[in-house]
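Data first, discussion second: the structure below is written as structure tokens.
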Amino acid sequence: MSKPKVAFFDFTSCEGCQLEVLNQEPQDMIDLLNAVEIVNFREAISDKGQDYDIAFIEGSISRPADETRIKKIRRQAKILVALGACACTGGLNAMKNKYSAADYKNYVYKDKAHYERLDTYAVRPVSAVVKVDCEIPGCPINRFEFLRIVKSVLMGVTPQLPDYPVCVECKMKDNVCMYQRGETCMGPVTRAGCDAICTSYGDPCTGCRGFVPHPNLNAQKDVLAKHGLSPEDVMLNFTMFNNFSKEDTTR
Amino acid sequence: MHKAMTRAELALFAENLVKTNVVYGVVAKDKQFGWDRILDHKEMVLDYPTTISSPKKYFLPPTETLIEFKLAANPDPKFVNHSQEAILFGMHACDLYATSMLDNAFEDTNKDPNYLEKRKKAILIGVSCMPDPDCFCNKMGVDDAVHNEAKISKKEALYDLFFTNIGHKYLVSIGTKRGEDLLAKYAKPAEASKAELDQLKVVEKKRVESFTSEMKQDVEQLAKLMPKTYNSSVWKEYADKCFACGTCNLVCPTCYCFNITEKVKLNLQEGSREREWDSCMLPQFAEVAGGENFREHVAERLRHRLMRKGLYIKEKFDKSGCTGCARCYRNCTADISIVEMFNRLKEVTENE
């Protein structure tokens, strides 16, 4: 069997998830390159091959031109994988969806706000525009989860993400709960798979991997409020990585 | 039979143990306490209220490889069991009791070599404690490892050695020959004097009188109550607040459910069978092929968990499934108290 051809493409993003793809242990990288042929990967090679089987997409869709490009990629790719928070949930980019264009442009770009190339529509995840076969969430992605998903794809097994919250991984590591350290945390409603990396290093979870399939969001709001957050701060916790809603695609 | 040791003698004993053995004990962790490997005996804490997780992680690790195999016509499976001689120093009575319950579970029907071998190689050293406001181990009948040992374990001592803090000294109760030998090898304790044994009774009395938990029922009463609560409205009440995050199961010293997965290496030539902690509060726990879920709703999962704690384990092993350690409550982000739930179930069931 010939090696599947793999391409990486980026849309609105920092390209940090692609860096994580490259940030592997040497042997893992060798095994990865033995398993697949990378034909297009702006951060790693100069080739721009357009013949590929698996496309990894980093970034969110934020302009009509992005739609044209992602649809073209979708037509070519047998398997399309969304890579990272921006591609999976809209990520940080979708925070702007709750503001008017004039407001966020003036705030971010100041005297350059009138530049035409800064025109965008409401940010959306890749799955809002084309069919996505599999998602690897996180800001950035977890490189070990990336390898797990690649293995699933190579073996023809449907990739599985954990459907339980970050609390599970925290408890397995015997971490002191952020709430018991006087912090607040989105761990109870956020999908695990990051190996609780933020909380293990003392930072609260901000929900970058999106919600678990059946999050108790009311309980989360109650708990955040009980731990002293104002209603505005509670909403900020919910909208940092998870602001995109289906209604945004009409704007 | 009791021996007596001064604090300095106990410190020397611990120091000697740590020098030549793998010792696990309790260390301060932020504002909490947790079980960890002890490399310097001075870091080990004997006077602590409770730990985040229980020492079960040394017999049933959060993740563990069971088998390594090849993806070939001959998979050539190799059984993996990373067990080693170890000393667990500073276990409270409730955790000693929980360990004996886990022993039952892993000895039952299919004997589990990975658990049992680790368990067999471990020496358990208990230490006395004073209840904190949430503890209700007295109601569960597991608060006194030294005097209740016959009643609880039904076959042997729960511990190899048990240290009771009587103020200026520790009294040592010897549970097994192995414990006796260990003590003789690393310390030279004197026999406890009449005055020290009297002081032990004073300390014990004070401990028994210090419980303040609101828990209203004991093990037998709970086992009678639980079958009547199956259709109670209480489950839904608490489900509305519950995250179903699994924390209560994972920190519970008597929860032993695990999941098994098979993982393949990136070279696609080798793989391993892995076991990891599972939790009956998680949505996928009772899901089967085809997507059917026997406990789809959080209320059903909460009920199952409390049935395990108050009834099923009692029926199966004639032991309490709950030790009253209150870890599930202390670690619950939604502040759901198992004591409050048991009490509420009683109250509502009696009035329904």
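Every chain in the structure tokens has a letter given in the order shown (A, B, ...), and although residue numbers restart at 1 in each chain, ligands are simply numbered from 1 in the order shown.
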Could the residues of range 62-181 of chain B that have an atom at most 10 Å from range 30-39 of chain B be listed as CSV, each with its closest atom pair and the distance in Å to one decimal, counting only C-alpha atoms and ordered by chain and ascending residue number?
```
residue,atom,partner,partner_atom,distance
B:Ala86,CA,B:Arg37,CA,10.0
B:Ile87,CA,B:Arg37,CA,9.9
B:Leu88,CA,B:Trp35,CA,9.1
B:Phe89,CA,B:Ile38,CA,9.3
B:Gly90,CA,B:Trp35,CA,9.4
B:Met91,CA,B:Trp35,CA,9.7
```
Include C-alpha atoms and write out the residues we just selected as a PDB file, in the first residue's frame.
```pdb
ATOM      1  CA  ALA B  86       6.557  -0.894  48.603  1.00  0.00           C
ATOM      2  CA  ILE B  87       5.564   0.567  51.935  1.00  0.00           C
ATOM      3  CA  LEU B  88       2.487   2.771  52.242  1.00  0.00           C
ATOM      4  CA  PHE B  89       3.109   4.848  55.344  1.00  0.00           C
ATOM      5  CA  GLY B  90       0.319   6.853  56.946  1.00  0.00           C
ATOM      6  CA  MET B  91      -2.950   5.267  55.838  1.00  0.00           C
TER       7      MET B  91
END
```
Closest atom pairs, residues of chain A within 6 Å of chain B, only C-alpha atoms, as a tab-separated table:
```
residue	atom	partner	partner_atom	distance
A:Asp31	CA	B:Asn267	CA	5.7
A:Pro165	CA	B:Cys245	CA	5.9
A:Met172	CA	B:Pro62	CA	5.6
A:Asn216	CA	B:Phe243	CA	5.6
A:Ala219	CA	B:Lys241	CA	5.5
```
For CA of Ile197 in chain A and CA of Pro125 in chain A, the interatomic separation in Å (one decimal):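 Pair CA of Ile197 in chain A / CA of Pro125 in chain A returns 23.9 Å.
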A straight line from CA of Leu200 in chain B to CA of Asn165 in chain B spans 8.2 Å
Name all residues at most 10 Å from Lys19 in chain B (count only C-alpha atoms; drop same-chain ones fewer than 2 positions away) and give them as a list of chain:residue names. B:Ala14, B:Glu15, B:Asn16, B:Leu17, B:Asn21, B:Val22, B:Val23, B:Ile38, B:Leu39, B:Asp40, B:His41
Length of the CA of Pro162 in chain A to CA of Ala85 in chain A vector [Å]: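 Between these atoms lies a distance of 15.5 Å.
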Spatial neighbours of Val130 in chain A, 10 Å, only C-alpha atoms, chain gap at least 5 places, as JSON, numbers by chain: {"A": [67, 70, 71, 72, 73, 74, 75, 80, 125]}
Go through range 55-120 of chain A and collect every residue that DSSP, computed from the backbone, puts in strand (DSSP E); the answer should be as a ChimeraX atom specification. /A:55-58,79-83
Please extract the residues of range 46-127 of chain B with a backbone DSSP assignment of helix (DSSP H, G or I) and present them as a list in words.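 DSSP on the backbone gives helix (DSSP H, G or I) at Pro55, Lys56, Lys57, Tyr58, Ala93, Cys94, Asp95, Leu96, Tyr97, Ala98, Thr99, Ser100, Met101, Leu102, Asp103, Asn104, Ala105, Phe106, Glu107, Pro113, Asn114, Tyr115, Leu116, Glu117, Lys118, Arg119 and Lys120 of chain B.
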Using only C-alpha atoms, which protein or nucleic acid residues come within 9 Å of Phe13 in chain B? Drop anything in the same chain fewer than 6 positions from it, and give the result as a list in words.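 That gives Leu183, Tyr186 and Ala187 of chain B.
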May I have the residues from that selection written out with N, CA, C and O atoms, as a PDB file, in the first residue's frame?
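Saved file again_4.pdb follows:
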```
ATOM      1  N   LEU B 183       9.272  -3.694  61.934  1.00  0.00           N
ATOM      2  CA  LEU B 183       9.509  -2.847  63.105  1.00  0.00           C
ATOM      3  C   LEU B 183      10.810  -3.261  63.796  1.00  0.00           C
ATOM      4  O   LEU B 183      11.628  -2.411  64.156  1.00  0.00           O
ATOM      5  N   TYR B 186      13.982  -2.054  61.811  1.00  0.00           N
ATOM      6  CA  TYR B 186      14.323  -0.626  61.670  1.00  0.00           C
ATOM      7  C   TYR B 186      14.152   0.192  62.945  1.00  0.00           C
ATOM      8  O   TYR B 186      14.387   1.388  62.960  1.00  0.00           O
ATOM      9  N   ALA B 187      13.660  -0.424  64.047  1.00  0.00           N
ATOM     10  CA  ALA B 187      13.463   0.357  65.273  1.00  0.00           C
ATOM     11  C   ALA B 187      13.559  -0.568  66.480  1.00  0.00           C
ATOM     12  O   ALA B 187      13.513  -1.790  66.339  1.00  0.00           O
TER      13      ALA B 187
END
```
B:Ala184, B:Ala93, B:Val219, B:Cys280 ranked by distance to Arg295 in chain B, top pick (using only C-alpha atoms):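 Looking only at the distances to Arg295 in chain B, the closest residue turns out to be B:Cys280.
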